[in-house]
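Printed here is final_18.cif (mmCIF, C-alpha atoms):
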data_entry
#
loop_
_atom_site.label_atom_id
_atom_site.label_comp_id
_atom_site.auth_asym_id
_atom_site.auth_seq_id
_atom_site.Cartn_x
_atom_site.Cartn_y
_atom_site.Cartn_z
CA MET K 1 -3.79 -10.71 8.93
CA LYS K 2 -1.31 -10.11 11.70
CA ASP K 3 -1.97 -6.45 12.31
CA LEU K 4 -4.42 -3.64 11.57
CA SER K 5 -2.18 -1.92 9.04
CA MET K 6 -2.42 -5.03 6.86
CA HIS K 7 -6.22 -4.80 6.98
CA ILE K 8 -5.99 -1.10 6.14
CA MET K 9 -3.76 -1.77 3.12
CA ASP K 10 -6.24 -4.41 1.99
CA ILE K 11 -9.37 -2.28 2.34
CA VAL K 12 -7.72 0.73 0.66
CA GLN K 13 -6.71 -1.55 -2.19
CA ASN K 14 -10.42 -2.36 -2.65
CA SER K 15 -11.06 1.35 -3.20
CA VAL K 16 -8.18 1.56 -5.66
CA ARG K 17 -9.71 -1.33 -7.58
CA ALA K 18 -13.07 0.42 -7.58
CA LYS K 19 -11.32 3.14 -9.61
CA ALA K 20 -11.50 5.74 -6.84
CA GLU K 21 -9.69 9.03 -7.40
CA ASN K 22 -9.96 10.24 -3.84
CA ILE K 23 -9.68 8.01 -0.81
CA THR K 24 -9.83 9.21 2.77
CA LEU K 25 -8.37 6.95 5.40
CA SER K 26 -9.00 8.04 8.94
CA ILE K 27 -8.00 6.38 12.17
CA VAL K 28 -9.70 7.72 15.25
CA THR K 29 -9.09 6.49 18.76
CA ASP K 30 -10.67 7.30 22.06
CA GLU K 31 -10.40 5.56 25.37
CA TYR K 32 -12.51 2.56 24.37
CA TRP K 33 -12.59 2.36 20.59
CA LEU K 34 -10.24 2.36 17.65
CA THR K 35 -12.12 3.22 14.47
CA ILE K 36 -10.77 2.83 10.95
CA LYS K 37 -12.74 4.53 8.20
CA VAL K 38 -12.03 4.25 4.48
CA GLN K 39 -14.11 6.50 2.26
CA ASP K 40 -13.79 6.54 -1.52
CA ASP K 41 -15.38 8.04 -4.62
CA GLY K 42 -15.09 4.85 -6.62
CA LYS K 43 -17.79 3.14 -8.61
CA GLY K 44 -19.76 1.97 -5.58
CA MET K 45 -21.95 -1.09 -5.28
CA ASP K 46 -25.63 -1.84 -5.76
CA GLU K 47 -27.82 -3.34 -3.02
CA VAL K 48 -27.35 -6.91 -4.20
CA THR K 49 -23.54 -6.71 -4.29
CA LEU K 50 -23.48 -4.93 -0.96
CA GLN K 51 -25.29 -7.85 0.65
CA LYS K 52 -22.73 -10.30 -0.72
CA VAL K 53 -19.46 -8.58 0.17
CA ARG K 54 -19.28 -10.11 3.65
CA ASP K 55 -19.40 -13.57 2.10
CA PRO K 56 -15.87 -15.05 1.81
CA PHE K 57 -16.92 -16.89 -1.33
CA TYR K 58 -17.94 -13.74 -3.14
CA THR K 59 -15.49 -11.64 -5.14
CA SER K 60 -15.63 -9.35 -8.16
CA ARG K 61 -12.28 -10.69 -9.30
CA THR K 62 -11.91 -13.20 -12.05
CA THR K 63 -8.42 -14.36 -11.06
CA ARG K 64 -9.67 -16.29 -8.05
CA LYS K 65 -12.91 -17.41 -6.49
CA VAL K 66 -12.64 -16.25 -2.90
CA GLY K 67 -12.71 -12.76 -1.40
CA MET K 68 -11.45 -12.76 2.17
CA GLY K 69 -10.63 -9.09 2.74
CA ILE K 70 -13.88 -7.90 4.26
CA PRO K 71 -14.73 -11.17 6.11
CA LEU K 72 -11.29 -11.10 7.78
CA ILE K 73 -11.51 -7.52 9.03
CA GLN K 74 -15.07 -8.17 10.17
CA GLN K 75 -13.97 -11.23 12.11
CA ASN K 76 -11.19 -9.33 13.86
CA ALA K 77 -13.48 -6.38 14.63
CA GLU K 78 -16.21 -8.61 16.06
CA LEU K 79 -13.71 -10.53 18.17
CA THR K 80 -13.00 -7.28 20.01
CA GLY K 81 -16.65 -6.35 20.51
CA GLY K 82 -16.68 -4.06 17.50
CA HIS K 83 -18.27 -4.27 14.08
CA VAL K 84 -17.91 -3.38 10.40
CA GLU K 85 -20.30 -1.06 8.61
CA ILE K 86 -20.38 -0.64 4.84
CA GLU K 87 -22.34 2.01 3.03
CA SER K 88 -22.28 2.27 -0.73
CA THR K 89 -24.07 4.02 -3.55
CA LEU K 90 -23.59 2.96 -7.13
CA GLY K 91 -21.62 5.61 -8.99
CA VAL K 92 -20.98 7.67 -5.86
CA GLY K 93 -18.59 5.68 -3.70
CA THR K 94 -18.22 3.44 -0.70
CA THR K 95 -17.47 3.98 2.97
CA LEU K 96 -16.26 1.19 5.19
CA THR K 97 -16.05 1.74 8.93
CA ALA K 98 -14.44 -0.83 11.19
CA GLN K 99 -14.63 -0.39 14.92
CA PHE K 100 -12.33 -2.30 17.26
CA GLY K 101 -12.37 -2.51 21.04
CA ARG K 102 -9.14 -0.65 21.64
CA LYS K 103 -8.11 -2.36 24.84
CA HIS K 104 -9.58 -5.76 24.03
CA ILE K 105 -7.02 -8.53 24.38
CA ASP K 106 -7.92 -9.92 20.95
CA ARG K 107 -7.33 -6.67 19.08
CA PRO K 108 -4.44 -7.06 16.63
CA PRO K 109 -1.70 -4.44 17.08
CA MET K 110 -1.61 -1.46 14.71
CA GLY K 111 1.62 -2.58 13.08
CA ASP K 112 3.78 -0.28 10.97
CA ILE K 113 1.19 2.31 9.97
CA ALA K 114 3.80 4.89 8.86
CA SER K 115 5.29 2.70 6.15
CA THR K 116 1.84 1.41 5.18
CA ALA K 117 0.52 4.94 4.69
CA ALA K 118 3.65 6.01 2.80
CA MET K 119 3.44 3.01 0.46
CA MET K 120 -0.26 3.56 -0.18
CA MET K 121 0.36 7.23 -1.00
CA THR K 122 3.19 6.60 -3.44
CA GLY K 123 2.31 3.18 -4.80
CA ASN K 124 -1.08 3.87 -6.33
CA GLU K 125 -0.87 6.02 -9.41
CA GLY K 126 -3.66 8.52 -9.97
CA VAL K 127 -5.13 8.13 -6.50
CA ASN K 128 -5.22 10.94 -3.98
CA LEU K 129 -5.05 9.45 -0.51
CA GLN K 130 -5.92 11.64 2.43
CA PHE K 131 -4.49 10.07 5.57
CA GLU K 132 -5.86 11.34 8.88
CA VAL K 133 -5.14 10.28 12.41
CA GLN K 134 -6.95 11.55 15.44
CA CYS K 135 -6.03 10.49 18.92
CA GLY K 136 -7.80 12.43 21.66
CA ASP K 137 -6.96 16.10 21.00
CA GLU K 138 -4.01 15.35 18.76
CA GLN K 139 -4.40 15.24 15.00
CA PHE K 140 -2.20 14.53 12.03
CA ALA K 141 -3.12 14.63 8.33
CA ILE K 142 -1.31 14.38 5.03
CA SER K 143 -2.46 13.82 1.46
CA THR K 144 -0.96 12.64 -1.81
CA ASN K 145 -1.95 15.89 -3.52
CA GLU K 146 -0.06 17.96 -0.95
CA VAL K 147 3.04 15.86 -1.49
CA LYS K 148 2.70 15.99 -5.28
CA GLU K 149 2.37 19.77 -5.15
CA VAL K 150 5.68 20.06 -3.32
CA LEU K 151 7.40 17.51 -5.55
CA GLY K 152 6.50 19.24 -8.80
CA ASP K 153 7.95 17.24 -11.67
CA VAL K 154 9.73 14.71 -9.46
CA ASP K 155 8.06 11.30 -9.62
CA ILE K 156 6.26 10.44 -6.37
CA ARG K 157 6.90 6.73 -6.92
CA LEU K 158 10.67 6.97 -6.37
CA PRO K 159 11.88 4.92 -3.37
CA LYS K 160 13.54 8.01 -1.86
CA VAL K 161 10.18 9.77 -1.67
CA THR K 162 8.46 6.79 -0.03
CA SER K 163 11.27 6.47 2.53
CA PHE K 164 11.05 10.17 3.29
CA LEU K 165 7.28 10.07 3.77
CA LYS K 166 7.56 7.04 6.01
CA GLU K 167 10.06 8.80 8.28
CA MET K 168 8.03 11.98 8.22
CA ILE K 169 4.80 10.24 9.28
CA GLU K 170 6.67 8.22 11.90
CA GLU K 171 8.31 11.30 13.43
CA ASN K 172 5.11 13.32 13.43
CA LEU K 173 3.10 10.59 15.13
CA ARG K 174 5.85 10.17 17.73
CA GLU K 175 6.07 13.92 18.29
CA LEU K 176 2.32 14.15 18.82
CA LYS K 177 2.54 11.12 21.11
CA ILE K 178 -0.05 9.30 19.04
CA GLU K 179 -0.02 5.67 20.06
CA PHE K 180 -2.54 3.02 19.14
CA ASP K 181 -1.43 0.05 21.18
CA MET F 1 13.03 18.95 21.11
CA SER F 2 14.18 16.89 18.18
CA LYS F 3 13.45 18.20 14.72
CA VAL F 4 10.49 16.63 12.97
CA LYS F 5 10.45 16.23 9.21
CA SER F 6 7.90 18.36 7.40
CA LEU F 7 6.81 19.18 3.87
CA ALA F 8 9.53 21.86 3.83
CA ASP F 9 12.10 19.10 4.12
CA LEU F 10 10.37 17.33 1.26
CA ARG F 11 11.04 20.44 -0.81
CA LYS F 12 14.75 20.04 -0.08
CA LEU F 13 14.55 16.41 -1.14
CA ARG F 14 12.88 17.48 -4.37
CA ASP F 15 15.67 19.96 -5.14
CA GLU F 16 18.19 17.25 -4.42
CA LEU F 17 16.43 14.79 -6.72
CA GLN F 18 15.98 17.38 -9.43
CA THR F 19 19.71 17.99 -9.63
CA LYS F 20 20.21 14.32 -10.39
CA VAL F 21 20.15 14.81 -14.13
CA SER F 22 20.14 11.12 -14.96
CA LEU F 23 17.03 10.56 -12.90
CA ARG F 24 15.28 13.56 -14.37
CA GLU F 25 15.88 12.41 -17.91
CA LYS F 26 14.66 8.97 -17.04
CA SER F 27 11.58 10.27 -15.23
CA ASP F 28 10.39 11.85 -18.46
CA HIS F 29 10.52 8.40 -19.99
CA PRO F 30 9.33 5.99 -17.30
CA ASP F 31 10.12 3.02 -19.54
CA LYS F 32 13.80 3.76 -18.89
CA LEU F 33 13.37 3.18 -15.17
CA VAL F 34 13.23 -0.19 -13.46
CA GLN F 35 9.60 -0.80 -12.55
CA VAL F 36 8.57 -3.05 -9.70
CA LYS F 37 4.93 -3.92 -9.05
CA VAL F 38 4.06 -5.70 -5.85
CA SER F 39 0.85 -7.73 -5.88
CA MET F 40 -1.08 -6.22 -2.98
CA ALA F 41 -4.42 -7.97 -2.62
CA THR F 42 -5.67 -9.89 0.43
CA CYS F 43 -3.69 -12.99 -0.56
CA GLY F 44 -0.46 -11.03 -1.03
CA ILE F 45 -0.80 -8.92 2.09
CA ALA F 46 -1.56 -11.97 4.25
CA SER F 47 1.60 -13.62 2.91
CA GLY F 48 3.77 -10.62 3.74
CA ALA F 49 3.75 -8.51 0.54
CA LYS F 50 3.69 -5.31 2.59
CA GLU F 51 6.93 -6.20 4.36
CA VAL F 52 8.55 -7.20 1.08
CA MET F 53 7.52 -3.94 -0.58
CA ASN F 54 8.84 -1.98 2.37
CA HIS F 55 12.09 -3.91 2.26
CA MET F 56 12.52 -3.40 -1.50
CA ILE F 57 11.90 0.35 -1.15
CA GLU F 58 14.48 0.59 1.64
CA GLU F 59 17.05 -1.46 -0.26
CA MET F 60 16.63 0.42 -3.53
CA ASP F 61 16.80 3.71 -1.65
CA ARG F 62 19.98 2.57 0.12
CA GLN F 63 21.62 1.29 -3.05
CA ALA F 64 20.44 4.34 -5.00
CA ILE F 65 18.78 2.31 -7.75
CA ASP F 66 16.61 4.41 -10.04
CA ALA F 67 13.37 2.51 -9.83
CA ILE F 68 9.69 3.03 -9.23
CA VAL F 69 7.84 0.72 -6.89
CA THR F 70 4.07 0.51 -7.09
CA GLN F 71 1.24 -1.76 -5.99
CA THR F 72 -1.02 -3.86 -8.12
CA GLY F 73 -3.92 -6.24 -7.60
CA CYS F 74 -4.07 -10.01 -7.45
CA MET F 75 -2.40 -11.56 -10.49
CA GLY F 76 -4.04 -14.92 -9.84
CA TYR F 77 -0.93 -16.56 -8.41
CA CYS F 78 -2.32 -16.73 -4.88
CA TYR F 79 -0.42 -19.97 -4.22
CA ALA F 80 2.87 -18.19 -4.86
CA GLU F 81 2.33 -14.98 -2.92
CA PRO F 82 4.04 -12.62 -2.30
CA THR F 83 4.56 -12.08 -6.02
CA ILE F 84 6.31 -9.17 -7.71
CA GLU F 85 6.54 -8.12 -11.33
CA VAL F 86 9.84 -6.59 -12.39
CA THR F 87 10.19 -4.73 -15.68
CA LEU F 88 13.71 -3.79 -16.66
CA PRO F 89 14.11 -1.06 -19.29
CA ASN F 90 13.50 -2.45 -22.77
CA SER F 91 12.55 -5.93 -21.63
CA ALA F 92 9.40 -7.89 -20.98
CA PRO F 93 7.93 -8.00 -17.46
CA VAL F 94 9.02 -10.94 -15.32
CA VAL F 95 6.92 -12.24 -12.42
CA PHE F 96 8.64 -13.75 -9.39
CA GLY F 97 6.77 -15.85 -6.84
CA HIS F 98 7.36 -16.69 -3.15
CA VAL F 99 9.31 -13.46 -2.64
CA ASP F 100 10.47 -12.91 0.93
CA ASN F 101 13.07 -10.35 2.00
CA LYS F 102 15.91 -12.73 1.19
CA LYS F 103 14.54 -13.45 -2.26
CA ALA F 104 13.99 -9.73 -2.79
CA ASN F 105 17.66 -9.09 -2.08
CA GLU F 106 18.62 -11.76 -4.59
CA ILE F 107 16.32 -10.25 -7.23
CA ILE F 108 17.75 -6.77 -6.68
CA GLU F 109 21.33 -7.96 -6.66
CA LYS F 110 21.17 -10.40 -9.56
CA TYR F 111 18.25 -9.48 -11.79
CA ILE F 112 17.82 -5.73 -11.36
CA ILE F 113 21.48 -4.79 -11.12
CA ARG F 114 23.17 -7.45 -13.24
CA GLY F 115 20.33 -8.68 -15.44
CA GLU F 116 20.88 -12.33 -14.53
CA LEU F 117 17.82 -14.52 -14.15
CA VAL F 118 17.11 -16.02 -10.74
CA ASP F 119 14.95 -18.94 -9.59
CA GLY F 120 11.29 -18.50 -8.81
CA ILE F 121 10.01 -17.03 -12.08
CA ILE F 122 6.36 -17.73 -12.86
CA PRO F 123 6.06 -18.44 -16.58
CA VAL F 124 3.90 -15.89 -18.38
CA ASN F 125 1.96 -18.53 -20.26
CA TYR F 126 0.56 -19.87 -17.03
CA GLU F 127 -3.21 -19.77 -17.36
CA THR F 128 -5.20 -18.08 -14.63
CA VAL F 129 -8.88 -18.67 -13.91
CA LYS F 130 -9.76 -16.25 -16.65
CA GLU F 131 -7.35 -14.26 -18.73
CA ASN F 132 -7.87 -10.88 -17.18
CA LYS F 133 -4.64 -9.66 -15.69
CA ASN F 134 -4.51 -7.72 -12.43
CA GLU F 135 -8.26 -7.75 -12.01
#
Since I need it in another form, could you write the structure as structure tokens?
Amino acid sequence: MKDLSMHIMDIVQNSVRAKAENITLSIVTDEYWLTIKVQDDGKGMDEVTLQKVRDPFYTSRTTRKVGMGIPLIQQNAELTGGHVEIESTLGVGTTLTAQFGRKHIDRPPMGDIASTAAMMMTGNEGVNLQFEVQCGDEQFAISTNEVKEVLGDVDIRLPKVTSFLKEMIEENLRELKIEFD
Amino acid sequence: MSKVKSLADLRKLRDELQTKVSLREKSDHPDKLVQVKVSMATCGIASGAKEVMNHMIEEMDRQAIDAIVTQTGCMGYCYAEPTIEVTLPNSAPVVFGHVDNKKANEIIEKYIIRGELVDGIIPVNYETVKENKNE
């Protein structure tokens, strides 16, 4: 994975696959740390599964035999002095927290988070994604439900909507001077 | 201070889209719209599926193609990532492999707009580890 937004897309996709209806993605930065938290109300995991998810040769998929998503983000987090924490309760949901040393030379750049967030919001049917960014005192948040409410009967999956959301998130982050790198 | 887009602007976009009668009629029947699914699992993302999806959305927006673009899981064609599944109205889904931005342009231009087949199709009868699509 070249940048953090790729990891984010990947981890959120795990929640989508766990049949989550609500996913909260929050990115919080302070002077030293950059923390990515993905919280979902999907089907969750039992103790045994939870112990295996960091193993690259464990996956719940049947289409292939490796599962690199979590091992890769863990590797990148640990390379920067950070770590990955996963909490899960069967039938309740899962929370993954990845902490990166913000100024560490090995930390991958954030990448295009605006388009990533826009695509995640419009590309996953039936999932409400709450996207939150907090950088010092500045905050920005948007959710799929809010957007759907405004759109009414217009389909959220139309390319025009995704492009709009991408520009909107981009402009808001710029206006608030939220920078990750 | 430059103007920043807000949800109020989204409302304007909605009104604009709602007046497009053709789109509205089609939205009631999603099978009449072109549907693109981008395989977005670890294998796809690492191969650049995110960039391809972004590019396809931009291109279809620019060319005003009535389509819906969504994400899906790993289809088992990890060797051919990024893969996309395109469903034209009234036809069977077609899966394309090794899709980069250039290939995406070709697919939009030839397959989506003109209905011509292009190279890089993964045959549907290809057997995956276990027949359990998109899981």
query: Which residues of chain K are close to chain F, meaning at most 6 Å apart when you count all atoms listed in the file, and how do they look as a PyMOL selection string?
result: chain K and resi 1+10+61-63+69+123+150-151+157-160+168+171
So which residues touch Cys135 (chain K) within 10 Å, counting all atoms listed in the file, skipping near sequence neighbours fewer than 6 positions away, as a PDB file with C-alpha atoms, keeping the file's coordinate frame?
ATOM      1  CA  ILE K  27      -8.000   6.380  12.170  1.00  0.00           C
ATOM      2  CA  VAL K  28      -9.700   7.720  15.250  1.00  0.00           C
ATOM      3  CA  THR K  29      -9.090   6.490  18.760  1.00  0.00           C
ATOM      4  CA  ASP K  30     -10.670   7.300  22.060  1.00  0.00           C
ATOM      5  CA  GLU K  31     -10.400   5.560  25.370  1.00  0.00           C
ATOM      6  CA  LEU K  34     -10.240   2.360  17.650  1.00  0.00           C
ATOM      7  CA  LEU K 173       3.100  10.590  15.130  1.00  0.00           C
ATOM      8  CA  LEU K 176       2.320  14.150  18.820  1.00  0.00           C
ATOM      9  CA  LYS K 177       2.540  11.120  21.110  1.00  0.00           C
ATOM     10  CA  ILE K 178      -0.050   9.300  19.040  1.00  0.00           C
ATOM     11  CA  GLU K 179      -0.020   5.670  20.060  1.00  0.00           C
ATOM     12  CA  PHE K 180      -2.540   3.020  19.140  1.00  0.00           C
TER      13      PHE K 180
END
message: Can you spell out as a PyMOL selection string the set of residues that the PyMOL selection byres ((chain F and resi 113) around 12) selects in the structure I just provided?
response: chain F and resi 34+60+63-67+86+88-89+105-112+114-117
query: Separation of CA of Gly93 (chain K) and CA of Thr49 (chain K), in Å?
result: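 About the pair CA of Gly93 (chain K) and CA of Thr49 (chain K): they are 13.4 Å apart.
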task: Name the residues that the PyMOL selection byres ((chain K and resi 102-113) around 6) picks from the file above, as a PyMOL selection string, using the file's chain letters and numbers.
output: chain K and resi 3-5+32-34+80+100-101+114-117
- request: For CA of Val52 (chain F) and CA of Met119 (chain K), determine how far apart the two atoms are, in Å to one decimal place.
  value: 11.4 Å
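Relative to CA of Thr24 (chain K), CA of Gly152 (chain K) is found at 22.4 Å.
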- prompt: Could you name the residues that touch Val12 (chain K) at 8 Å or less, counting only C-alpha atoms, but leaving out those on the same chain fewer than 5 positions away, as number ranges by chain?
  reply: K: 23, 25, 38
task: Evaluate the PyMOL selection byres ((chain K and resi 128) around 7) and record the selected residues as number ranges by chain, following the chain and residue labels used in the document.
output: K: 21-23, 126-127, 129-130, 143-145
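Ranking K:Ile8, K:Ser26, K:Ile70, K:Glu149 by their shortest atom-to-atom distance to Val53 (chain K), with only C-alpha atoms included, puts K:Ile70 first.
Restricting the calculation to only C-alpha atoms, the smallest distance between Val94 (chain F) and any of F:Asp31, F:Thr19, F:Ser39, F:Val124 is found for F:Val124.
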Atoms added to region 133-144 of chain K (all heavy atoms), reported as a compact mmCIF listing (two decimals), in the frame of the given file:
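Output saved as result_39.txt:
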# COMPACT_ATOMS: atom_id res chain seq x y z
N VAL K 133 -5.17 10.99 11.14
CA VAL K 133 -5.14 10.28 12.41
C VAL K 133 -5.62 11.22 13.50
O VAL K 133 -5.23 12.38 13.54
CB VAL K 133 -3.70 9.82 12.75
CG1 VAL K 133 -3.67 9.11 14.08
CG2 VAL K 133 -3.16 8.90 11.68
N GLN K 134 -6.49 10.73 14.34
CA GLN K 134 -6.95 11.55 15.44
C GLN K 134 -6.94 10.73 16.72
O GLN K 134 -7.52 9.64 16.78
CB GLN K 134 -8.37 12.06 15.16
CG GLN K 134 -8.74 13.21 16.07
CD GLN K 134 -10.20 13.56 15.94
OE1 GLN K 134 -10.83 13.31 14.91
NE2 GLN K 134 -10.75 14.12 17.00
N CYS K 135 -6.21 11.23 17.68
CA CYS K 135 -6.03 10.49 18.92
C CYS K 135 -6.27 11.47 20.05
O CYS K 135 -5.41 12.30 20.34
CB CYS K 135 -4.61 9.94 18.95
SG CYS K 135 -4.30 8.76 20.24
N GLY K 136 -7.46 11.44 20.64
CA GLY K 136 -7.80 12.43 21.66
C GLY K 136 -7.82 13.81 21.01
O GLY K 136 -8.51 14.02 20.02
N ASP K 137 -7.00 14.74 21.57
CA ASP K 137 -6.96 16.10 21.00
C ASP K 137 -5.93 16.24 19.90
O ASP K 137 -5.88 17.26 19.21
CB ASP K 137 -6.63 17.12 22.11
CG ASP K 137 -7.71 17.13 23.18
OD1 ASP K 137 -8.86 16.81 22.81
OD2 ASP K 137 -7.40 17.44 24.34
N GLU K 138 -5.08 15.24 19.75
CA GLU K 138 -4.01 15.35 18.76
C GLU K 138 -4.47 14.87 17.39
O GLU K 138 -5.19 13.88 17.28
CB GLU K 138 -2.79 14.51 19.20
CG GLU K 138 -2.22 14.91 20.55
CD GLU K 138 -1.58 16.29 20.51
OE1 GLU K 138 -1.50 16.90 19.43
OE2 GLU K 138 -1.17 16.75 21.59
N GLN K 139 -4.02 15.61 16.36
CA GLN K 139 -4.40 15.24 15.00
C GLN K 139 -3.21 15.31 14.07
O GLN K 139 -2.32 16.13 14.24
CB GLN K 139 -5.44 16.24 14.47
CG GLN K 139 -6.82 15.97 14.97
CD GLN K 139 -7.81 16.90 14.32
OE1 GLN K 139 -7.58 17.40 13.23
NE2 GLN K 139 -8.90 17.16 15.01
N PHE K 140 -3.23 14.45 13.07
CA PHE K 140 -2.20 14.53 12.03
C PHE K 140 -2.86 14.17 10.70
O PHE K 140 -3.67 13.26 10.63
CB PHE K 140 -1.05 13.56 12.32
CG PHE K 140 -0.05 13.48 11.21
CD1 PHE K 140 0.84 14.53 10.98
CD2 PHE K 140 0.00 12.37 10.37
CE1 PHE K 140 1.75 14.47 9.93
CE2 PHE K 140 0.92 12.31 9.32
CZ PHE K 140 1.79 13.36 9.10
N ALA K 141 -2.54 14.92 9.65
CA ALA K 141 -3.12 14.63 8.33
C ALA K 141 -2.12 14.94 7.23
O ALA K 141 -1.31 15.87 7.35
CB ALA K 141 -4.39 15.43 8.12
N ILE K 142 -2.16 14.15 6.19
CA ILE K 142 -1.31 14.38 5.03
C ILE K 142 -2.03 13.79 3.81
O ILE K 142 -2.79 12.84 3.95
CB ILE K 142 0.10 13.76 5.23
CG1 ILE K 142 1.04 14.14 4.10
CG2 ILE K 142 0.02 12.24 5.38
CD1 ILE K 142 2.49 13.81 4.37
N SER K 143 -1.81 14.38 2.64
CA SER K 143 -2.46 13.82 1.46
C SER K 143 -1.49 13.73 0.29
O SER K 143 -0.49 14.46 0.23
CB SER K 143 -3.66 14.67 1.06
OG SER K 143 -3.21 15.84 0.42
N THR K 144 -1.81 12.83 -0.63
CA THR K 144 -0.96 12.64 -1.81
C THR K 144 -0.85 13.94 -2.61
O THR K 144 0.23 14.28 -3.08
CB THR K 144 -1.55 11.54 -2.72
OG1 THR K 144 -1.97 10.46 -1.90
CG2 THR K 144 -0.52 11.03 -3.71
